[in-house]
$ cat work.pdb   # PDB, C-alpha atoms
ATOM      1  CA  MET L  63     -34.547  -5.336  14.747
ATOM      2  CA  LYS L  64     -34.351  -6.571  11.154
ATOM      3  CA  ILE L  65     -32.757  -3.286  10.073
ATOM      4  CA  LEU L  66     -30.158  -3.494  12.849
ATOM      5  CA  VAL L  67     -29.204  -7.031  11.829
ATOM      6  CA  SER L  68     -28.889  -5.884   8.202
ATOM      7  CA  ILE L  69     -26.647  -2.967   9.174
ATOM      8  CA  ILE L  70     -24.420  -5.207  11.294
ATOM      9  CA  PHE L  71     -24.155  -7.718   8.448
ATOM     10  CA  VAL L  72     -23.145  -4.990   5.989
ATOM     11  CA  LEU L  73     -20.514  -3.631   8.372
ATOM     12  CA  ILE L  74     -19.051  -7.052   9.058
ATOM     13  CA  SER L  75     -19.102  -8.147   5.442
ATOM     14  CA  SER L  76     -17.579  -4.918   4.150
ATOM     15  CA  THR L  77     -14.632  -5.369   6.509
ATOM     16  CA  ALA L  78     -14.278  -9.050   5.750
ATOM     17  CA  PHE L  79     -14.404  -8.558   1.988
ATOM     18  CA  ALA L  80     -12.358  -5.393   1.695
ATOM     19  CA  ALA L  81     -10.078  -5.174  -1.324
ATOM     20  CA  THR L  82      -6.499  -6.232  -0.658
ATOM     21  CA  SER L  83      -3.030  -5.693  -2.037
ATOM     22  CA  GLU L  84      -2.513  -9.433  -2.577
ATOM     23  CA  PRO L  85      -3.063  -9.474  -6.375
ATOM     24  CA  TYR L  86      -0.533  -6.625  -6.692
ATOM     25  CA  GLY L  87       2.079  -7.830  -4.197
ATOM     26  CA  LYS L  88       4.884  -8.420  -6.693
ATOM     27  CA  GLY L  89       4.729  -4.907  -8.113
ATOM     28  CA  GLY L  90       4.415  -4.132 -11.799
ATOM     29  CA  TYR L  91       3.622  -1.117 -13.928
ATOM     30  CA  ILE L  92       1.545   1.922 -13.037
ATOM     31  CA  ARG L  93      -1.035   1.176 -15.753
ATOM     32  CA  GLU L  94      -1.860  -2.025 -13.814
ATOM     33  CA  PHE L  95      -2.189  -0.190 -10.492
ATOM     34  CA  GLN L  96      -3.851   3.113 -11.329
ATOM     35  CA  PRO L  97      -7.304   1.646 -12.098
ATOM     36  CA  GLU L  98      -7.392  -0.091  -8.698
ATOM     37  CA  ILE L  99      -6.101   3.023  -6.922
ATOM     38  CA  ASP L 100      -8.809   5.127  -8.607
ATOM     39  CA  ARG L 101     -11.525   2.529  -7.858
ATOM     40  CA  ALA L 102     -10.549   2.200  -4.188
ATOM     41  CA  ASN L 103     -10.380   5.968  -3.680
ATOM     42  CA  ALA L 104     -13.727   6.494  -5.418
ATOM     43  CA  SER L 105     -15.490   3.789  -3.402
ATOM     44  CA  GLY L 106     -13.950   4.770  -0.067
ATOM     45  CA  GLU L 107     -14.039   1.122   0.968
ATOM     46  CA  LEU L 108     -11.399  -0.226   3.289
ATOM     47  CA  PHE L 109      -8.332  -1.461   1.406
ATOM     48  CA  ARG L 110      -6.036  -3.904   3.218
ATOM     49  CA  ILE L 111      -2.308  -4.093   2.648
ATOM     50  CA  LYS L 112      -1.383  -7.623   3.587
ATOM     51  CA  GLY L 113       1.311 -10.174   2.923
ATOM     52  CA  HIS L 114       4.130  -9.345   0.540
ATOM     53  CA  CYS L 115       3.815  -5.851  -1.009
ATOM     54  CA  GLN L 116       6.737  -4.655  -3.083
ATOM     55  CA  SER L 117       7.466  -1.767  -5.360
ATOM     56  CA  LEU L 118       4.333  -0.146  -6.856
ATOM     57  CA  CYS L 119       2.174  -2.146  -4.455
ATOM     58  CA  THR L 120       3.311   0.354  -1.819
ATOM     59  CA  LEU L 121       1.346   3.052  -3.699
ATOM     60  CA  PHE L 122      -1.707   1.699  -1.906
ATOM     61  CA  LEU L 123      -0.390   3.444   1.222
ATOM     62  CA  GLY L 124      -1.718   6.629  -0.389
ATOM     63  CA  LEU L 125      -5.334   5.461  -0.500
ATOM     64  CA  ARG L 126      -7.798   7.490   1.530
ATOM     65  CA  ASN L 127      -9.067   4.415   3.434
ATOM     66  CA  VAL L 128      -6.100   2.087   3.719
ATOM     67  CA  CYS L 129      -5.059  -0.162   6.568
ATOM     68  CA  VAL L 130      -1.997  -2.336   7.043
ATOM     69  CA  GLN L 131      -1.827  -5.751   8.624
ATOM     70  CA  ARG L 132       0.954  -6.127  11.181
ATOM     71  CA  SER L 133       2.205  -9.240   9.401
ATOM     72  CA  ALA L 134       2.615  -7.434   6.048
ATOM     73  CA  ARG L 135       6.046  -6.883   4.515
ATOM     74  CA  LEU L 136       6.462  -3.769   2.367
ATOM     75  CA  LEU L 137       9.484  -3.488   0.081
ATOM     76  CA  PHE L 138      10.623  -0.097  -1.215
ATOM     77  CA  HIS L 139      13.071   0.909  -3.968
ATOM     78  CA  ALA L 140      13.640   3.629  -6.554
ATOM     79  CA  GLY L 141      11.255   3.933  -9.463
ATOM     80  CA  HIS L 142      12.578   2.803 -12.820
ATOM     81  CA  ASP L 143      11.721   2.381 -16.466
ATOM     82  CA  ARG L 144      11.315  -0.919 -18.322
ATOM     83  CA  GLN L 145      15.088  -1.148 -18.820
ATOM     84  CA  ARG L 146      15.532  -0.829 -15.046
ATOM     85  CA  ASN L 147      17.096   2.637 -15.292
ATOM     86  CA  ILE L 148      16.245   4.657 -12.200
ATOM     87  CA  HIS L 149      13.658   7.276 -13.100
ATOM     88  CA  ALA L 150      13.191  10.339 -10.872
ATOM     89  CA  GLY L 151       9.575  10.899 -11.963
ATOM     90  CA  SER L 152       8.579   7.341 -11.034
ATOM     91  CA  THR L 153      10.417   7.596  -7.725
ATOM     92  CA  ASN L 154       8.679  10.880  -6.907
ATOM     93  CA  ARG L 155       5.300   9.356  -7.815
ATOM     94  CA  MET L 156       5.876   6.629  -5.227
ATOM     95  CA  LEU L 157       7.196   9.029  -2.598
ATOM     96  CA  SER L 158       4.152  11.277  -3.035
ATOM     97  CA  ALA L 159       1.877   8.385  -2.021
ATOM     98  CA  TYR L 160       3.530   7.997   1.390
ATOM     99  CA  ASN L 161       2.828  10.024   4.512
ATOM    100  CA  PRO L 162       5.477  12.611   5.484
ATOM    101  CA  SER L 163       7.209  10.497   8.155
ATOM    102  CA  LEU L 164       7.624   7.440   5.911
ATOM    103  CA  ARG L 165       8.672   9.617   2.978
ATOM    104  CA  GLN L 166      11.340  11.350   5.078
ATOM    105  CA  TYR L 167      12.611   8.026   6.448
ATOM    106  CA  LEU L 168      13.010   6.612   2.935
ATOM    107  CA  ILE L 169      14.714   9.780   1.678
ATOM    108  CA  ASN L 170      17.059  10.034   4.672
ATOM    109  CA  GLY L 171      18.039   6.374   4.312
ATOM    110  CA  HIS L 172      18.634   6.785   0.553
ATOM    111  CA  TYR L 173      16.366   3.764   0.004
ATOM    112  CA  MET L 174      14.678   5.396  -2.972
ATOM    113  CA  GLU L 175      17.973   5.954  -4.791
ATOM    114  CA  THR L 176      18.679   2.307  -5.586
ATOM    115  CA  LEU L 177      16.889  -0.687  -7.037
ATOM    116  CA  ALA L 178      17.757  -2.793  -3.984
ATOM    117  CA  PHE L 179      14.702  -3.566  -1.868
ATOM    118  CA  HIS L 180      14.386  -2.101   1.615
ATOM    119  CA  THR L 181      11.849  -4.044   3.673
ATOM    120  CA  ILE L 182       9.677  -2.514   6.381
ATOM    121  CA  SER L 183       7.317  -4.670   8.408
ATOM    122  CA  GLY L 184       3.629  -3.906   8.624
ATOM    123  CA  ALA L 185       4.094  -3.497  12.375
ATOM    124  CA  ALA L 186       6.676  -0.744  11.793
ATOM    125  CA  ILE L 187       4.482   0.921   9.146
ATOM    126  CA  ILE L 188       1.772   1.112  11.821
ATOM    127  CA  ASP L 189       3.812   1.860  14.950
ATOM    128  CA  LYS L 190       6.628   3.993  13.554
ATOM    129  CA  PHE L 191       4.941   5.721  10.635
ATOM    130  CA  GLY L 192       1.360   6.059  11.882
ATOM    131  CA  TYR L 193      -0.636   4.076   9.336
ATOM    132  CA  LYS L 194      -3.932   2.533  10.432
ATOM    133  CA  GLU L 195      -3.860  -1.093  11.538
ATOM    134  CA  CYS L 196      -6.402  -3.346   9.843
ATOM    135  CA  PRO L 197      -9.251  -4.528  12.056
ATOM    136  CA  ARG L 198      -9.264  -8.209  12.831
ATOM    137  CA  MET L 199     -11.557 -10.214  10.641
TER
END
$ encode --input "work.pdb" --output "structure tokens"
Amino acid sequence: MKILVSIIFVLISSTAFAATSEPYGKGGYIREFQPEIDRANASGELFRIKGHCQSLCTLFLGLRNVCVQRSARLLFHAGHDRQRNIHAGSTNRMLSAYNPSLRQYLINGHYMETLAFHTISGAAIIDKFGYKECPRM
């Protein structure tokens, strides 16, 4: 019985305390994101995309154990350098993190050819593009 209670506690706590996109929601530079991407992929723990998630924050969609909250808002745009010049390599890096249906949608809509944000709701990321919905906490 004690072992069962311990297992249940670990399962509940690991879901409740999963890493989230919140500290990265405003985007930034890849050197700030890559360590967290590597850590999350290595651990295999659940990673929640929640709240506002723009630009490089959307790279978390490529994690092996990612979920998206329905209330999240993901904002996509072309990759760029520090001078805000669109950069094909950065754009392709972001596109490679997305599943094929989301990638094709963004390409077809030309959303990754401009620096203007294109917002997609967490609900659409789940329902339209097939990402896993986060379990309720």
$ closest_residue --input "work.pdb" --among "L:Leu108, L:Ile99, L:Cys115, L:Leu157" --to "Glu84 of chain L" --atoms "all atoms listed in the file"
L:Cys115
$ residues_around --input "work.pdb" --residues "Arg135 of chain L" --least-positions-apart "5" --cutoff "7 Å" --atoms "all atoms listed in the file" --output "PDB file with C-alpha atoms, keeping the file's coordinate frame"
ATOM      1  CA  GLY L 113       1.311 -10.174   2.923  1.00  0.00           C
ATOM      2  CA  HIS L 114       4.130  -9.345   0.540  1.00  0.00           C
ATOM      3  CA  CYS L 115       3.815  -5.851  -1.009  1.00  0.00           C
ATOM      4  CA  THR L 181      11.849  -4.044   3.673  1.00  0.00           C
ATOM      5  CA  ILE L 182       9.677  -2.514   6.381  1.00  0.00           C
ATOM      6  CA  SER L 183       7.317  -4.670   8.408  1.00  0.00           C
ATOM      7  CA  GLY L 184       3.629  -3.906   8.624  1.00  0.00           C
TER       8      GLY L 184
END
$ closest_residue --input "work.pdb" --among "L:His180, L:Gln145, L:Arg110, L:Ser105" --to "Met199 of chain L" --atoms "only C-alpha atoms"
L:Arg110
$ atom_distance --input "work.pdb" --atom1 "atom CA of Phe122 of chain L" --atom2 "atom CA of Ser163 of chain L"
16.1 Å
$ resolve_selection --input "work.pdb" --expression "the PyMOL selection byres ((chain L and resi 143) around 12)" --output "number ranges by chain"
L: 90-92, 140-142, 144-153, 177
$ resolve_selection --input "work.pdb" --expression "the PyMOL selection byres ((chain L and resi 107) around 10)" --output "compact mmCIF listing (two decimals) with C-alpha atoms, in the frame of the given file"
# COMPACT_ATOMS: atom_id res chain seq x y z
CA SER L 76 -17.58 -4.92 4.15
CA THR L 77 -14.63 -5.37 6.51
CA PHE L 79 -14.40 -8.56 1.99
CA ALA L 80 -12.36 -5.39 1.70
CA ALA L 81 -10.08 -5.17 -1.32
CA ARG L 101 -11.52 2.53 -7.86
CA ALA L 102 -10.55 2.20 -4.19
CA ASN L 103 -10.38 5.97 -3.68
CA ALA L 104 -13.73 6.49 -5.42
CA SER L 105 -15.49 3.79 -3.40
CA GLY L 106 -13.95 4.77 -0.07
CA LEU L 108 -11.40 -0.23 3.29
CA PHE L 109 -8.33 -1.46 1.41
CA ARG L 110 -6.04 -3.90 3.22
CA LEU L 125 -5.33 5.46 -0.50
CA ARG L 126 -7.80 7.49 1.53
CA ASN L 127 -9.07 4.42 3.43
CA VAL L 128 -6.10 2.09 3.72
$ atom_distance --input "work.pdb" --atom1 "atom CA of Cys129 of chain L" --atom2 "atom CA of Arg93 of chain L"
22.7 Å
$ axis_aligned_box --input "work.pdb" --around "segment 106-115 of chain L" --padding-each-side "6 Å" --output "JSON"
{"center_x": -5.0, "center_y": -2.7, "center_z": 1.3, "size_x": 30.2, "size_y": 26.9, "size_z": 16.6}
$ residues_around --input "work.pdb" --residues "Phe179 of chain L" --least-positions-apart "6" --cutoff "8 Å" --atoms "all atoms listed in the file" --output "list in words"
Leu137, Phe138, His139 and Tyr173 of chain L
$ closest_residue --input "work.pdb" --among "L:Ile169, L:Leu118, L:Met174, L:Leu123" --to "Ile188 of chain L" --atoms "only C-alpha atoms"
L:Leu123
$ atom_distance --input "work.pdb" --atom1 "atom CA of Thr82 of chain L" --atom2 "atom CA of Cys196 of chain L"
10.9 Å
$ closest_residue --input "work.pdb" --among "L:Ile187, L:Cys119, L:Leu164, L:Leu136" --to "Gln96 of chain L" --atoms "only C-alpha atoms"
L:Cys119
$ closest_residue --input "work.pdb" --among "L:Met156, L:Asn161, L:Tyr167, L:Thr176" --to "Lys194 of chain L" --atoms "only C-alpha atoms"
L:Asn161
$ decode --input "work.pdb" --residues "segment 103-140 of chain L" --atoms "N, CA, C and O atoms" --output "PDB file, in the first residue's frame"
ATOM      1  N   ASN L 103      14.273  17.316 -23.408  1.00  0.00           N
ATOM      2  CA  ASN L 103      14.331  16.097 -24.226  1.00  0.00           C
ATOM      3  C   ASN L 103      15.085  14.983 -23.515  1.00  0.00           C
ATOM      4  O   ASN L 103      14.707  13.822 -23.594  1.00  0.00           O
ATOM      5  N   ALA L 104      16.159  15.324 -22.816  1.00  0.00           N
ATOM      6  CA  ALA L 104      16.937  14.309 -22.100  1.00  0.00           C
ATOM      7  C   ALA L 104      16.148  13.715 -20.936  1.00  0.00           C
ATOM      8  O   ALA L 104      16.209  12.510 -20.695  1.00  0.00           O
ATOM      9  N   SER L 105      15.398  14.549 -20.233  1.00  0.00           N
ATOM     10  CA  SER L 105      14.659  14.057 -19.062  1.00  0.00           C
ATOM     11  C   SER L 105      13.407  13.288 -19.468  1.00  0.00           C
ATOM     12  O   SER L 105      12.979  12.386 -18.756  1.00  0.00           O
ATOM     13  N   GLY L 106      12.812  13.677 -20.597  1.00  0.00           N
ATOM     14  CA  GLY L 106      11.561  13.048 -21.022  1.00  0.00           C
ATOM     15  C   GLY L 106      10.357  13.494 -20.222  1.00  0.00           C
ATOM     16  O   GLY L 106       9.247  13.032 -20.458  1.00  0.00           O
ATOM     17  N   GLU L 107      10.561  14.418 -19.288  1.00  0.00           N
ATOM     18  CA  GLU L 107       9.436  14.891 -18.477  1.00  0.00           C
ATOM     19  C   GLU L 107       8.454  15.687 -19.330  1.00  0.00           C
ATOM     20  O   GLU L 107       8.815  16.217 -20.383  1.00  0.00           O
ATOM     21  N   LEU L 108       7.231  15.738 -18.866  1.00  0.00           N
ATOM     22  CA  LEU L 108       6.209  16.502 -19.554  1.00  0.00           C
ATOM     23  C   LEU L 108       6.570  17.982 -19.534  1.00  0.00           C
ATOM     24  O   LEU L 108       6.961  18.521 -18.502  1.00  0.00           O
ATOM     25  N   PHE L 109       6.455  18.626 -20.674  1.00  0.00           N
ATOM     26  CA  PHE L 109       6.730  20.060 -20.797  1.00  0.00           C
ATOM     27  C   PHE L 109       5.451  20.708 -21.287  1.00  0.00           C
ATOM     28  O   PHE L 109       4.918  20.346 -22.328  1.00  0.00           O
ATOM     29  N   ARG L 110       4.948  21.685 -20.533  1.00  0.00           N
ATOM     30  CA  ARG L 110       3.690  22.359 -20.841  1.00  0.00           C
ATOM     31  C   ARG L 110       3.917  23.676 -21.576  1.00  0.00           C
ATOM     32  O   ARG L 110       4.667  24.523 -21.093  1.00  0.00           O
ATOM     33  N   ILE L 111       3.254  23.824 -22.710  1.00  0.00           N
ATOM     34  CA  ILE L 111       3.197  25.134 -23.353  1.00  0.00           C
ATOM     35  C   ILE L 111       1.913  25.779 -22.864  1.00  0.00           C
ATOM     36  O   ILE L 111       0.822  25.243 -23.043  1.00  0.00           O
ATOM     37  N   LYS L 112       2.095  26.928 -22.199  1.00  0.00           N
ATOM     38  CA  LYS L 112       0.940  27.599 -21.612  1.00  0.00           C
ATOM     39  C   LYS L 112       1.102  29.099 -21.723  1.00  0.00           C
ATOM     40  O   LYS L 112       2.214  29.599 -21.877  1.00  0.00           O
ATOM     41  N   GLY L 113      -0.019  29.793 -21.677  1.00  0.00           N
ATOM     42  CA  GLY L 113       0.014  31.251 -21.736  1.00  0.00           C
ATOM     43  C   GLY L 113       0.497  31.754 -23.079  1.00  0.00           C
ATOM     44  O   GLY L 113       0.266  31.155 -24.120  1.00  0.00           O
ATOM     45  N   HIS L 114       1.203  32.869 -23.028  1.00  0.00           N
ATOM     46  CA  HIS L 114       1.735  33.538 -24.209  1.00  0.00           C
ATOM     47  C   HIS L 114       3.054  32.873 -24.602  1.00  0.00           C
ATOM     48  O   HIS L 114       3.957  32.767 -23.777  1.00  0.00           O
ATOM     49  N   CYS L 115       3.171  32.436 -25.856  1.00  0.00           N
ATOM     50  CA  CYS L 115       4.380  31.744 -26.331  1.00  0.00           C
ATOM     51  C   CYS L 115       4.675  32.229 -27.743  1.00  0.00           C
ATOM     52  O   CYS L 115       4.055  31.779 -28.697  1.00  0.00           O
ATOM     53  N   GLN L 116       5.618  33.164 -27.839  1.00  0.00           N
ATOM     54  CA  GLN L 116       5.916  33.736 -29.150  1.00  0.00           C
ATOM     55  C   GLN L 116       7.319  33.386 -29.622  1.00  0.00           C
ATOM     56  O   GLN L 116       8.198  33.099 -28.822  1.00  0.00           O
ATOM     57  N   SER L 117       7.457  33.404 -30.927  1.00  0.00           N
ATOM     58  CA  SER L 117       8.755  33.308 -31.561  1.00  0.00           C
ATOM     59  C   SER L 117       9.466  32.003 -31.195  1.00  0.00           C
ATOM     60  O   SER L 117       8.902  30.927 -31.358  1.00  0.00           O
ATOM     61  N   LEU L 118      10.687  32.077 -30.672  1.00  0.00           N
ATOM     62  CA  LEU L 118      11.449  30.860 -30.363  1.00  0.00           C
ATOM     63  C   LEU L 118      10.789  29.991 -29.305  1.00  0.00           C
ATOM     64  O   LEU L 118      11.075  28.804 -29.217  1.00  0.00           O
ATOM     65  N   CYS L 119       9.893  30.554 -28.522  1.00  0.00           N
ATOM     66  CA  CYS L 119       9.154  29.742 -27.550  1.00  0.00           C
ATOM     67  C   CYS L 119       8.425  28.594 -28.256  1.00  0.00           C
ATOM     68  O   CYS L 119       8.271  27.518 -27.697  1.00  0.00           O
ATOM     69  N   THR L 120       8.021  28.833 -29.504  1.00  0.00           N
ATOM     70  CA  THR L 120       7.297  27.792 -30.239  1.00  0.00           C
ATOM     71  C   THR L 120       8.184  26.594 -30.571  1.00  0.00           C
ATOM     72  O   THR L 120       7.665  25.547 -30.951  1.00  0.00           O
ATOM     73  N   LEU L 121       9.509  26.727 -30.405  1.00  0.00           N
ATOM     74  CA  LEU L 121      10.398  25.574 -30.608  1.00  0.00           C
ATOM     75  C   LEU L 121      10.067  24.437 -29.656  1.00  0.00           C
ATOM     76  O   LEU L 121      10.359  23.278 -29.943  1.00  0.00           O
ATOM     77  N   PHE L 122       9.456  24.755 -28.524  1.00  0.00           N
ATOM     78  CA  PHE L 122       9.099  23.713 -27.571  1.00  0.00           C
ATOM     79  C   PHE L 122       8.085  22.736 -28.143  1.00  0.00           C
ATOM     80  O   PHE L 122       7.934  21.629 -27.631  1.00  0.00           O
ATOM     81  N   LEU L 123       7.403  23.099 -29.233  1.00  0.00           N
ATOM     82  CA  LEU L 123       6.498  22.158 -29.892  1.00  0.00           C
ATOM     83  C   LEU L 123       7.249  20.929 -30.401  1.00  0.00           C
ATOM     84  O   LEU L 123       6.653  19.883 -30.618  1.00  0.00           O
ATOM     85  N   GLY L 124       8.552  21.041 -30.571  1.00  0.00           N
ATOM     86  CA  GLY L 124       9.355  19.931 -31.069  1.00  0.00           C
ATOM     87  C   GLY L 124       9.865  18.988 -29.990  1.00  0.00           C
ATOM     88  O   GLY L 124      10.535  18.003 -30.309  1.00  0.00           O
ATOM     89  N   LEU L 125       9.543  19.259 -28.737  1.00  0.00           N
ATOM     90  CA  LEU L 125       9.990  18.377 -27.659  1.00  0.00           C
ATOM     91  C   LEU L 125       9.323  17.016 -27.763  1.00  0.00           C
ATOM     92  O   LEU L 125       8.184  16.907 -28.217  1.00  0.00           O
ATOM     93  N   ARG L 126       9.994  15.998 -27.292  1.00  0.00           N
ATOM     94  CA  ARG L 126       9.444  14.642 -27.407  1.00  0.00           C
ATOM     95  C   ARG L 126       8.280  14.400 -26.466  1.00  0.00           C
ATOM     96  O   ARG L 126       7.476  13.515 -26.708  1.00  0.00           O
ATOM     97  N   ASN L 127       8.145  15.165 -25.385  1.00  0.00           N
ATOM     98  CA  ASN L 127       7.019  14.993 -24.460  1.00  0.00           C
ATOM     99  C   ASN L 127       6.419  16.352 -24.133  1.00  0.00           C
ATOM    100  O   ASN L 127       6.499  16.833 -23.007  1.00  0.00           O
ATOM    101  N   VAL L 128       5.825  16.956 -25.132  1.00  0.00           N
ATOM    102  CA  VAL L 128       5.234  18.285 -24.984  1.00  0.00           C
ATOM    103  C   VAL L 128       3.712  18.176 -24.981  1.00  0.00           C
ATOM    104  O   VAL L 128       3.133  17.276 -25.610  1.00  0.00           O
ATOM    105  N   CYS L 129       3.088  19.076 -24.244  1.00  0.00           N
ATOM    106  CA  CYS L 129       1.637  19.217 -24.317  1.00  0.00           C
ATOM    107  C   CYS L 129       1.320  20.700 -24.391  1.00  0.00           C
ATOM    108  O   CYS L 129       2.157  21.546 -24.062  1.00  0.00           O
ATOM    109  N   VAL L 130       0.124  21.008 -24.845  1.00  0.00           N
ATOM    110  CA  VAL L 130      -0.294  22.394 -25.026  1.00  0.00           C
ATOM    111  C   VAL L 130      -1.586  22.605 -24.256  1.00  0.00           C
ATOM    112  O   VAL L 130      -2.504  21.778 -24.334  1.00  0.00           O
ATOM    113  N   GLN L 131      -1.661  23.688 -23.522  1.00  0.00           N
ATOM    114  CA  GLN L 131      -2.904  24.030 -22.857  1.00  0.00           C
ATOM    115  C   GLN L 131      -3.811  24.740 -23.853  1.00  0.00           C
ATOM    116  O   GLN L 131      -3.348  25.537 -24.672  1.00  0.00           O
ATOM    117  N   ARG L 132      -5.095  24.423 -23.798  1.00  0.00           N
ATOM    118  CA  ARG L 132      -6.060  25.015 -24.723  1.00  0.00           C
ATOM    119  C   ARG L 132      -6.043  26.539 -24.680  1.00  0.00           C
ATOM    120  O   ARG L 132      -6.264  27.201 -25.680  1.00  0.00           O
ATOM    121  N   SER L 133      -5.763  27.094 -23.525  1.00  0.00           N
ATOM    122  CA  SER L 133      -5.792  28.550 -23.364  1.00  0.00           C
ATOM    123  C   SER L 133      -4.504  29.234 -23.841  1.00  0.00           C
ATOM    124  O   SER L 133      -4.424  30.466 -23.840  1.00  0.00           O
ATOM    125  N   ALA L 134      -3.516  28.463 -24.270  1.00  0.00           N
ATOM    126  CA  ALA L 134      -2.252  29.052 -24.739  1.00  0.00           C
ATOM    127  C   ALA L 134      -2.477  29.853 -26.016  1.00  0.00           C
ATOM    128  O   ALA L 134      -3.437  29.615 -26.763  1.00  0.00           O
ATOM    129  N   ARG L 135      -1.577  30.783 -26.262  1.00  0.00           N
ATOM    130  CA  ARG L 135      -1.550  31.561 -27.502  1.00  0.00           C
ATOM    131  C   ARG L 135      -0.135  31.479 -28.051  1.00  0.00           C
ATOM    132  O   ARG L 135       0.804  31.937 -27.396  1.00  0.00           O
ATOM    133  N   LEU L 136       0.016  30.892 -29.234  1.00  0.00           N
ATOM    134  CA  LEU L 136       1.327  30.734 -29.852  1.00  0.00           C
ATOM    135  C   LEU L 136       1.437  31.696 -31.023  1.00  0.00           C
ATOM    136  O   LEU L 136       0.518  31.781 -31.849  1.00  0.00           O
ATOM    137  N   LEU L 137       2.528  32.437 -31.079  1.00  0.00           N
ATOM    138  CA  LEU L 137       2.727  33.462 -32.096  1.00  0.00           C
ATOM    139  C   LEU L 137       3.937  33.104 -32.952  1.00  0.00           C
ATOM    140  O   LEU L 137       5.040  32.911 -32.427  1.00  0.00           O
ATOM    141  N   PHE L 138       3.727  33.028 -34.252  1.00  0.00           N
ATOM    142  CA  PHE L 138       4.737  32.573 -35.202  1.00  0.00           C
ATOM    143  C   PHE L 138       5.156  33.717 -36.128  1.00  0.00           C
ATOM    144  O   PHE L 138       4.341  34.567 -36.477  1.00  0.00           O
ATOM    145  N   HIS L 139       6.418  33.708 -36.531  1.00  0.00           N
ATOM    146  CA  HIS L 139       6.948  34.659 -37.512  1.00  0.00           C
ATOM    147  C   HIS L 139       8.250  34.111 -38.070  1.00  0.00           C
ATOM    148  O   HIS L 139       8.783  33.114 -37.571  1.00  0.00           O
ATOM    149  N   ALA L 140       8.789  34.781 -39.072  1.00  0.00           N
ATOM    150  CA  ALA L 140      10.053  34.363 -39.676  1.00  0.00           C
ATOM    151  C   ALA L 140      11.192  34.521 -38.681  1.00  0.00           C
ATOM    152  O   ALA L 140      11.166  35.408 -37.820  1.00  0.00           O
TER     153      ALA L 140
END
